[in-house]
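Here is structure08.cif, consisting of mmCIF, C-alpha atoms:
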```cif
data_entry
#
loop_
_atom_site.label_atom_id
_atom_site.label_comp_id
_atom_site.auth_asym_id
_atom_site.auth_seq_id
_atom_site.Cartn_x
_atom_site.Cartn_y
_atom_site.Cartn_z
CA MET I 23 18.23 -6.29 12.61
CA SER I 24 18.07 -7.54 9.03
CA LEU I 25 20.56 -9.98 7.56
CA PRO I 26 23.51 -8.72 5.45
CA GLU I 27 23.52 -9.80 1.79
CA SER I 28 25.77 -12.85 2.25
CA GLU I 29 23.66 -14.19 5.11
CA LEU I 30 20.45 -13.38 3.25
CA ARG I 31 21.69 -15.39 0.28
CA GLU I 32 22.62 -18.30 2.55
CA PHE I 33 19.22 -18.11 4.23
CA LEU I 34 17.40 -18.24 0.89
CA VAL I 35 19.48 -21.20 -0.32
CA ARG I 36 18.87 -23.03 2.96
CA ASN I 37 15.14 -22.55 2.45
CA ASN I 38 15.24 -23.74 -1.17
CA VAL I 39 14.68 -20.30 -2.74
CA GLU I 40 16.43 -19.81 -6.09
CA CYS I 41 18.58 -16.71 -5.52
CA LYS I 42 20.88 -16.39 -8.54
CA SER I 43 19.05 -13.16 -9.41
CA LEU I 44 19.46 -11.67 -5.91
CA ARG I 45 20.85 -8.14 -6.12
CA LEU I 46 20.83 -4.76 -4.40
CA LEU I 47 17.97 -2.61 -5.73
CA TRP I 48 18.54 0.60 -3.78
CA GLU I 49 19.99 1.91 -0.53
CA ILE I 50 18.64 4.76 1.61
CA ASP I 51 20.41 5.86 4.83
CA ASN I 52 22.33 2.55 4.95
CA VAL I 53 19.07 0.61 4.62
CA ARG I 54 19.44 -1.84 1.75
CA VAL I 55 16.57 -3.20 -0.32
CA TYR I 56 17.35 -6.36 -2.29
CA GLY I 57 15.43 -8.03 -5.08
CA LEU I 58 14.76 -11.30 -6.87
CA THR I 59 13.49 -11.67 -10.44
CA VAL I 60 10.99 -14.46 -11.11
CA GLY I 61 8.44 -15.44 -13.71
CA GLY I 62 5.11 -13.69 -13.26
CA SER I 63 3.31 -17.02 -12.93
CA GLN I 64 5.51 -17.87 -9.94
CA ALA I 65 5.33 -14.49 -8.22
CA ILE I 66 2.36 -14.98 -5.88
CA ASN I 67 3.45 -18.45 -4.74
CA LEU I 68 6.94 -17.15 -4.01
CA TRP I 69 5.52 -14.09 -2.25
CA ASN I 70 3.47 -16.35 0.01
CA TYR I 71 6.49 -18.49 0.81
CA LEU I 72 8.78 -15.52 1.51
CA ARG I 73 6.04 -13.97 3.65
CA GLN I 74 6.01 -17.13 5.78
CA LEU I 75 9.79 -16.81 6.21
CA ASN I 76 9.57 -13.15 7.26
CA ASP I 77 9.79 -13.79 11.01
CA GLU I 78 13.16 -15.46 10.52
CA SER I 79 14.57 -13.54 7.55
CA LYS I 80 13.39 -10.09 8.74
CA TYR I 81 12.77 -9.21 5.06
CA TYR I 82 9.25 -8.51 3.82
CA PRO I 83 8.57 -9.48 0.16
CA LEU I 84 6.99 -6.93 -2.15
CA LEU I 85 6.04 -7.34 -5.81
CA LEU I 86 7.33 -4.33 -7.74
CA GLY I 87 6.41 -5.32 -11.28
CA GLY I 88 8.91 -5.13 -14.12
CA GLU I 89 12.51 -3.93 -14.17
CA GLU I 90 11.48 -0.36 -15.00
CA GLU I 91 9.80 -0.09 -11.61
CA ILE I 92 13.17 -0.22 -9.83
CA GLU I 93 14.29 3.05 -11.38
CA GLN I 94 10.86 4.57 -10.71
CA HIS I 95 11.08 3.79 -6.99
CA GLN I 96 14.63 5.14 -6.84
CA GLU I 97 13.35 8.39 -8.37
CA TYR I 98 10.70 8.74 -5.64
CA TRP I 99 13.48 9.45 -3.18
CA GLU I 100 15.14 11.95 -5.52
CA ARG I 101 12.00 13.86 -6.58
CA PHE I 102 10.08 13.90 -3.30
CA ALA I 103 12.57 14.86 -0.63
CA VAL I 104 11.56 13.89 2.90
CA PRO I 105 11.72 16.75 5.44
CA ILE I 106 13.72 15.56 8.44
CA ASP I 107 13.11 16.82 11.96
CA GLU I 108 15.87 19.37 12.63
CA ILE I 109 15.97 18.62 16.35
CA ILE I 110 16.09 14.83 16.30
CA ASP I 111 18.92 13.07 14.48
CA ILE I 112 16.88 10.49 12.59
CA ASP I 113 17.07 8.89 9.18
CA ALA I 114 14.51 9.49 6.44
CA ILE I 115 12.70 6.16 6.74
CA ASN I 116 12.21 6.39 10.48
CA ALA I 117 11.15 10.02 10.11
CA ILE I 118 8.27 8.90 7.88
CA ILE I 119 7.29 6.13 10.30
CA ASN I 120 7.37 8.54 13.25
CA ARG I 121 5.18 11.07 11.44
CA ALA I 122 2.72 8.29 10.64
CA SER I 123 2.49 7.31 14.30
CA ILE I 124 0.92 10.66 15.27
CA LEU I 125 -1.73 10.64 12.53
CA ASP I 126 -5.33 9.77 13.37
CA ALA I 127 -7.10 7.79 10.63
CA GLU I 128 -10.60 8.99 11.52
CA LYS I 129 -9.49 12.62 11.42
CA TRP I 130 -7.70 11.98 8.13
CA PHE I 131 -10.89 10.59 6.58
CA TYR I 132 -12.91 13.60 7.80
CA ASP I 133 -10.36 16.14 6.56
CA ARG I 134 -9.96 14.34 3.22
CA ALA I 135 -13.73 14.27 2.66
CA GLN I 136 -13.95 17.99 3.38
CA GLU I 137 -11.06 18.72 1.04
CA MET I 138 -12.59 16.61 -1.76
CA TYR I 139 -15.98 18.29 -1.26
CA GLU I 140 -14.48 21.76 -1.54
CA ASP I 141 -12.49 20.77 -4.63
CA GLU I 142 -15.54 19.24 -6.35
CA PHE I 143 -18.10 21.92 -5.51
CA ASP I 144 -15.70 24.89 -5.36
CA ASP I 145 -17.31 25.92 -2.09
CA GLU I 146 -16.33 25.78 1.57
CA PHE I 147 -18.02 22.98 3.51
CA GLU I 148 -20.05 24.39 6.37
CA ASP I 149 -22.24 21.88 8.20
CA GLY I 150 -22.79 18.13 8.72
CA GLU I 151 -20.65 15.19 7.68
CA PRO I 152 -18.65 15.99 4.52
CA LEU I 153 -18.33 12.31 3.62
CA GLU I 154 -22.09 11.77 3.44
CA VAL I 155 -22.62 14.86 1.29
CA LEU I 156 -19.63 14.04 -0.92
CA THR I 157 -20.69 10.45 -1.61
CA ASN I 158 -24.45 10.93 -1.85
CA GLY I 159 -24.42 10.97 -5.63
CA ILE I 160 -22.23 7.87 -6.10
CA LEU I 161 -23.85 5.42 -3.68
CA GLY I 162 -25.58 3.45 -6.43
CA ASP I 163 -28.09 0.62 -6.01
CA TRP I 164 -27.18 -2.79 -4.62
CA ASP I 165 -29.28 -5.89 -5.24
CA GLY I 166 -27.27 -7.97 -2.77
CA ALA I 167 -25.10 -9.73 -5.35
CA ILE I 168 -21.39 -9.94 -4.51
CA PHE I 169 -18.38 -10.25 -6.78
CA PRO I 170 -15.42 -10.94 -4.46
CA SER I 171 -12.13 -9.57 -5.77
CA GLU I 172 -9.60 -12.41 -5.87
CA ASN I 173 -7.01 -11.65 -8.57
CA PHE I 174 -3.78 -9.64 -8.51
CA THR I 175 -2.73 -7.64 -11.57
CA ILE I 176 0.98 -6.97 -10.97
CA PRO I 177 2.03 -10.65 -11.45
CA SER I 178 0.49 -10.63 -14.96
CA LEU I 179 3.87 -9.56 -16.38
CA GLU I 180 6.21 -12.14 -17.89
CA THR I 181 8.82 -11.43 -15.22
CA VAL I 182 8.37 -9.72 -11.86
CA VAL I 183 10.86 -8.19 -9.45
CA ILE I 184 10.22 -9.10 -5.82
CA ALA I 185 11.81 -6.59 -3.47
CA LEU I 186 13.02 -7.79 -0.08
CA ILE I 187 12.33 -4.94 2.35
CA PRO I 188 14.16 -5.08 5.71
CA THR I 189 11.12 -4.97 7.98
CA GLN I 190 8.65 -7.36 9.58
CA ILE I 191 5.83 -4.80 9.64
CA CYS I 192 3.79 -4.82 6.45
CA TRP I 193 2.18 -1.41 6.90
CA GLN I 194 5.59 0.30 7.17
CA ILE I 195 6.45 -0.61 3.57
CA PRO I 196 5.56 2.84 2.08
CA ALA I 197 8.31 4.40 4.21
CA TYR I 198 10.93 2.28 2.43
CA LEU I 199 9.63 3.45 -0.95
CA ASN I 200 8.82 7.08 -0.06
CA LEU I 201 5.57 6.35 -1.83
CA GLY I 202 3.10 9.03 -2.88
CA GLY I 203 2.82 12.80 -2.74
CA TRP I 204 1.81 13.20 -6.40
CA ASN I 205 -1.61 13.95 -7.88
CA SER I 206 -4.16 12.65 -5.34
CA CYS I 207 -1.94 9.82 -4.07
CA PRO I 208 -1.46 10.20 -0.29
CA ILE I 209 1.96 10.98 1.15
CA PRO I 210 3.98 8.09 2.67
CA GLU I 211 2.92 8.57 6.30
CA GLU I 212 -0.74 8.67 5.27
CA HIS I 213 -0.37 5.36 3.46
CA ILE I 214 1.18 3.90 6.61
CA CYS I 215 -1.55 5.24 8.91
CA LEU I 216 -4.36 3.76 6.80
CA MET I 217 -2.57 0.49 6.07
CA LYS I 218 -2.05 -0.02 9.80
CA ARG I 219 -5.77 0.57 10.41
CA TRP I 220 -6.79 -1.87 7.68
CA TYR I 221 -4.28 -4.48 8.83
CA GLU I 222 -5.69 -4.37 12.36
CA ILE I 223 -9.34 -4.50 11.24
CA TYR I 224 -9.27 -6.57 8.05
CA GLY I 225 -5.90 -8.34 8.12
CA ALA I 226 -4.89 -6.42 4.98
CA GLU I 227 -1.25 -6.85 3.96
CA VAL I 228 0.47 -5.11 1.07
CA VAL I 229 1.56 -7.58 -1.62
CA GLY I 230 2.60 -5.36 -4.52
CA ILE I 231 3.41 -1.73 -5.26
CA ASN I 232 4.44 -0.41 -8.64
CA HIS I 233 4.65 3.22 -9.77
CA ASP I 234 0.88 3.86 -9.60
CA THR I 235 -0.75 0.74 -8.12
CA ILE I 236 -1.05 -0.90 -4.72
CA GLU I 237 -2.43 -4.42 -4.23
CA MET I 238 -3.18 -5.98 -0.87
CA ARG I 239 -4.10 -9.43 0.43
CA VAL I 240 -7.01 -9.51 2.88
CA THR I 241 -7.51 -12.26 5.46
CA LYS I 242 -10.53 -10.81 7.31
CA PRO I 243 -12.70 -9.19 4.61
CA PRO I 244 -16.11 -7.63 5.32
CA LEU I 245 -18.94 -10.15 5.46
CA ASP I 246 -21.97 -7.86 5.38
CA GLU I 247 -23.28 -4.92 3.37
CA LYS I 248 -23.01 -2.31 6.15
CA THR I 249 -19.34 -3.06 6.85
CA ALA I 250 -18.49 -3.27 3.16
CA MET I 251 -20.11 0.10 2.40
CA SER I 252 -18.28 1.74 5.28
CA LEU I 253 -14.99 0.34 3.98
CA ALA I 254 -15.83 1.35 0.42
CA LYS I 255 -16.20 4.96 1.57
CA GLU I 256 -12.81 4.80 3.31
CA GLN I 257 -11.21 3.37 0.19
CA TYR I 258 -12.84 6.08 -1.96
CA LEU I 259 -11.27 8.78 0.21
CA TYR I 260 -7.94 7.00 -0.01
CA CYS I 261 -8.10 6.41 -3.77
CA ASN I 262 -11.10 7.95 -5.52
CA ASP I 263 -9.92 6.75 -8.95
CA ILE I 264 -11.04 3.19 -8.14
CA VAL I 265 -14.61 4.51 -8.15
CA ASP I 266 -14.51 7.58 -10.41
CA GLN I 267 -12.60 5.73 -13.16
CA GLY I 268 -13.48 2.21 -12.07
CA THR I 269 -16.59 0.83 -10.38
CA GLN I 270 -18.53 4.14 -10.81
CA THR I 271 -20.51 3.60 -7.58
CA LEU I 272 -19.69 2.79 -3.97
CA SER I 273 -22.18 -0.09 -4.01
CA ALA I 274 -20.32 -1.70 -6.90
CA LEU I 275 -17.04 -1.33 -5.02
CA ALA I 276 -18.56 -2.72 -1.83
CA SER I 277 -19.84 -5.76 -3.72
CA THR I 278 -16.21 -6.69 -4.49
CA LEU I 279 -15.10 -6.23 -0.88
CA ILE I 280 -17.48 -8.74 0.75
CA GLU I 281 -15.49 -11.98 1.05
CA GLY I 282 -12.88 -10.46 -1.28
CA SER I 283 -9.26 -11.51 -0.74
CA VAL I 284 -7.59 -8.83 -2.90
CA TRP I 285 -7.76 -5.03 -2.73
CA TYR I 286 -6.68 -2.88 -5.67
CA PHE I 287 -5.79 0.83 -5.66
CA TRP I 288 -4.71 2.90 -8.63
CA TRP I 289 -3.89 6.59 -9.01
CA ASP I 290 -4.03 8.27 -12.42
#
```

Could you express the structure from this file as C-alpha cells?
Amino acid sequence: MSLPESELREFLVRNNVECKSLRLLWEIDNVRVYGLTVGGSQAINLWNYLRQLNDESKYYPLLLGGEEEIEQHQEYWERFAVPIDEIIDIDAINAIINRASILDAEKWFYDRAQEMYEDEFDDEFEDGEPLEVLTNGILGDWDGAIFPSENFTIPSLETVVIALIPTQICWQIPAYLNLGGWNSCPIPEEHICLMKRWYEIYGAEVVGINHDTIEMRVTKPPLDEKTAMSLAKEQYLYCNDIVDQGTQTLSALASTLIEGSVWYFWWD
C-alpha cells in the first residue's frame, strides 16, 4: 500500500529530499502518480537516492523528461483505451499486469521475428528460424572492440520531472503509463513481459520514459560476445529503430552492451 500525499511529503522531508515541487501528475482508477521537478544535472543522483528509498516509500522513481511529457502520458490513457476483462472486476492497471503475466517472452520474440520478416519481404515465412533469416543482413563485422553505453539522455534537459509511481516492481512501470501501442512500439503488457525477463537476467531497471524513449540501468550486463549478440537480437525485435536508424548493425549494438550500464530504446 503506497503512502498518501501528506505522508509521502513527510517521508521525503524526513529523508532530506526537497519536495516543494511535489504535486499530483495524474490519477488512474484511484492510483495516484506524483512528481518532483529538479535540475537535469541532479536527476540521476536523485533517482538513485529515491530508488534506494523504494522499499520504504513504496514509490518507484521514473524520469519523465520535461513538463510537456506529463500531458503526453495523460493522453496515452485517453487515446489508447485498455480493454478490461468483462468477467473479472479489475482496474485498468492490474488488467495490464495480469495480461503480461501470461505472455511468454521466447514466443513473443519468435512471433515478432516472423511478423517483421513478412513485413520486410512481403512474403509468408515458411521454414527455419525467422530471427536468423531476418537478421542475416544486419549482423555486421566485429573486431572485438567494445564501447560500453554509460550515459542517459533524458536528464540532459535543464529541468526534469521525476514521477513517483506507487509500485516496488520496476518492470510493472509501463502499466502505470499505458505505454505503447503506436507505430512499432510494443503494447504495455509486452513491455512488462520483456522488462521482467531482462531484469531477471541482466538486472535491468527502467530509469526514464518519455513519449518515445525508454532508458534503463543495467547491473549485470553481458560480458562476452555470444551473450551480447543474443541480447542485441532481442533488443532489435523489441525496438528495431535502435539498429535501423542507429547502430546500423547488430554487432555495433552488441559492442555497446558488453559491460554497458545504460540501455537506450527509441521509437520513431

Review point. Exactly which residues make up the result of the PyMOL selection byres ((chain I and resi 289) around 10) on this file, given as a PyMOL selection string?
Key: chain I and resi 202+204-208+233-236+260-264+267+287-288+290

Check your understanding: Could you list as a ChimeraX atom specification every residue that has an atom within 10 Å of (-10.0, -12.5, 4.1), using the file's coordinates and counting only C-alpha atoms?
Key -> /I:172,224-226,239-245,279-284

Applying the PyMOL selection byres ((chain I and resi 189) around 12) to the file I just gave you, which residues come out? Please list them as a compact mmCIF listing (two decimals) with C-alpha atoms, in the coordinates of the input.
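Dumped everything to selection_24.txt:
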```txt
# COMPACT_ATOMS: atom_id res chain seq x y z
CA MET I 23 18.23 -6.29 12.61
CA SER I 24 18.07 -7.54 9.03
CA LEU I 25 20.56 -9.98 7.56
CA VAL I 53 19.07 0.61 4.62
CA ARG I 54 19.44 -1.84 1.75
CA VAL I 55 16.57 -3.20 -0.32
CA ARG I 73 6.04 -13.97 3.65
CA ASN I 76 9.57 -13.15 7.26
CA ASP I 77 9.79 -13.79 11.01
CA GLU I 78 13.16 -15.46 10.52
CA SER I 79 14.57 -13.54 7.55
CA LYS I 80 13.39 -10.09 8.74
CA TYR I 81 12.77 -9.21 5.06
CA TYR I 82 9.25 -8.51 3.82
CA PRO I 83 8.57 -9.48 0.16
CA LEU I 84 6.99 -6.93 -2.15
CA ILE I 115 12.70 6.16 6.74
CA ASN I 116 12.21 6.39 10.48
CA ILE I 119 7.29 6.13 10.30
CA ALA I 185 11.81 -6.59 -3.47
CA LEU I 186 13.02 -7.79 -0.08
CA ILE I 187 12.33 -4.94 2.35
CA PRO I 188 14.16 -5.08 5.71
CA GLN I 190 8.65 -7.36 9.58
CA ILE I 191 5.83 -4.80 9.64
CA CYS I 192 3.79 -4.82 6.45
CA TRP I 193 2.18 -1.41 6.90
CA GLN I 194 5.59 0.30 7.17
CA ILE I 195 6.45 -0.61 3.57
CA PRO I 196 5.56 2.84 2.08
CA ALA I 197 8.31 4.40 4.21
CA TYR I 198 10.93 2.28 2.43
```

**Study point:** Glu93 in chain I environment, 10 Å, all atoms listed in the file, sequence neighbours closer than 3 positions dropped, as a ChimeraX atom specification
**Key:** /I:47-48,89-90,96-98,233

Check your understanding: Care to translate the PyMOL selection byres ((chain I and resi 269) around 12) into actual residues of this file, as a PyMOL selection string?
Key -> chain I and resi 160-162+169+254+258+262-268+270-279+286-287

Write the selection just made, keeping C-alpha atoms, as a PDB file, in the coordinates of the input?
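Result file follows (selection.pdb):
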```pdb
ATOM      1  CA  ILE I 160     -22.230   7.870  -6.100  1.00  0.00           C
ATOM      2  CA  LEU I 161     -23.850   5.420  -3.680  1.00  0.00           C
ATOM      3  CA  GLY I 162     -25.580   3.450  -6.430  1.00  0.00           C
ATOM      4  CA  PHE I 169     -18.380 -10.250  -6.780  1.00  0.00           C
ATOM      5  CA  ALA I 254     -15.830   1.350   0.420  1.00  0.00           C
ATOM      6  CA  TYR I 258     -12.840   6.080  -1.960  1.00  0.00           C
ATOM      7  CA  ASN I 262     -11.100   7.950  -5.520  1.00  0.00           C
ATOM      8  CA  ASP I 263      -9.920   6.750  -8.950  1.00  0.00           C
ATOM      9  CA  ILE I 264     -11.040   3.190  -8.140  1.00  0.00           C
ATOM     10  CA  VAL I 265     -14.610   4.510  -8.150  1.00  0.00           C
ATOM     11  CA  ASP I 266     -14.510   7.580 -10.410  1.00  0.00           C
ATOM     12  CA  GLN I 267     -12.600   5.730 -13.160  1.00  0.00           C
ATOM     13  CA  GLY I 268     -13.480   2.210 -12.070  1.00  0.00           C
ATOM     14  CA  GLN I 270     -18.530   4.140 -10.810  1.00  0.00           C
ATOM     15  CA  THR I 271     -20.510   3.600  -7.580  1.00  0.00           C
ATOM     16  CA  LEU I 272     -19.690   2.790  -3.970  1.00  0.00           C
ATOM     17  CA  SER I 273     -22.180  -0.090  -4.010  1.00  0.00           C
ATOM     18  CA  ALA I 274     -20.320  -1.700  -6.900  1.00  0.00           C
ATOM     19  CA  LEU I 275     -17.040  -1.330  -5.020  1.00  0.00           C
ATOM     20  CA  ALA I 276     -18.560  -2.720  -1.830  1.00  0.00           C
ATOM     21  CA  SER I 277     -19.840  -5.760  -3.720  1.00  0.00           C
ATOM     22  CA  THR I 278     -16.210  -6.690  -4.490  1.00  0.00           C
ATOM     23  CA  LEU I 279     -15.100  -6.230  -0.880  1.00  0.00           C
ATOM     24  CA  TYR I 286      -6.680  -2.880  -5.670  1.00  0.00           C
ATOM     25  CA  PHE I 287      -5.790   0.830  -5.660  1.00  0.00           C
TER      26      PHE I 287
END
```

Exercise for review: For each of I:Thr59, I:Asn52, I:Leu153, I:Pro177, take the minimum atom-to-atom distance to Ile231 in chain I, counting all atoms listed in the file, then give the residue where this is smallest.
Suggested key: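 Nearest to Ile231 in chain I: I:Pro177.
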
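Our summary of the geometry notes that CA of Asp163 in chain I is positioned 25.4 Å from CA of Trp220 in chain I.
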
Once 4 Å is added on each side, what are the centre and the three edge lengths, in Å to one decimal, of the axis-aligned box enclosing the listed atoms of range 63-77 of chain I? Present them as JSON.
```
{"center_x": 6.1, "center_y": -15.8, "center_z": -1.0, "size_x": 15.4, "size_y": 13.3, "size_z": 31.9}
```

Point to revise | Exercise: Arg45 in chain I partners within 8 Å, all atoms listed in the file, chain neighbours under 4 positions left out, as an NGL selection string | key: :I and (56-58)

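Put simply, CA of Trp69 in chain I is 11.7 Å away from CA of Glu227 in chain I.
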
Review point. Do you have the CA of Ile66 in chain I-CA of Ile50 in chain I distance handy?
Key: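 If I compute the distance from CA of Ile66 in chain I to CA of Ile50 in chain I, I get 26.7 Å.
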
**Study point:** Nearest-residue call for Met138 in chain I, choices I:Gln74, I:Ala122, I:Leu259, I:Leu199, using only C-alpha atoms
**Key:**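 Closest candidate: I:Leu259.
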
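For the residues I:Asn67, I:Asp51, I:Leu125, I:Lys255, ranking by smallest atom-to-atom distance to Pro152 in chain I using all atoms listed in the file places I:Lys255 first.
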
Practice item. Show which residues sit within 12 Å of Asn120 in chain I, as a count of residues only. Count only C-alpha atoms, and ignore same-chain residues fewer than 2 positions away. Key: 21

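Here the question is which of I:His95, I:His213, I:Lys42, I:Arg134 gets nearest to Val228 in chain I using all atoms listed in the file, and that residue is I:His213.
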
Review point. Of the candidates I:Ile92, I:Leu85, I:Ala250, I:Ile184, which one gets nearest to Glu49 in chain I if we count only C-alpha atoms?
Key: I:Ile92

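For the choices I:Gly87, I:Asn232, I:Leu68, I:Leu156, the atom-to-atom distance to Glu40 in chain I is smallest for I:Leu68 when using all atoms listed in the file.
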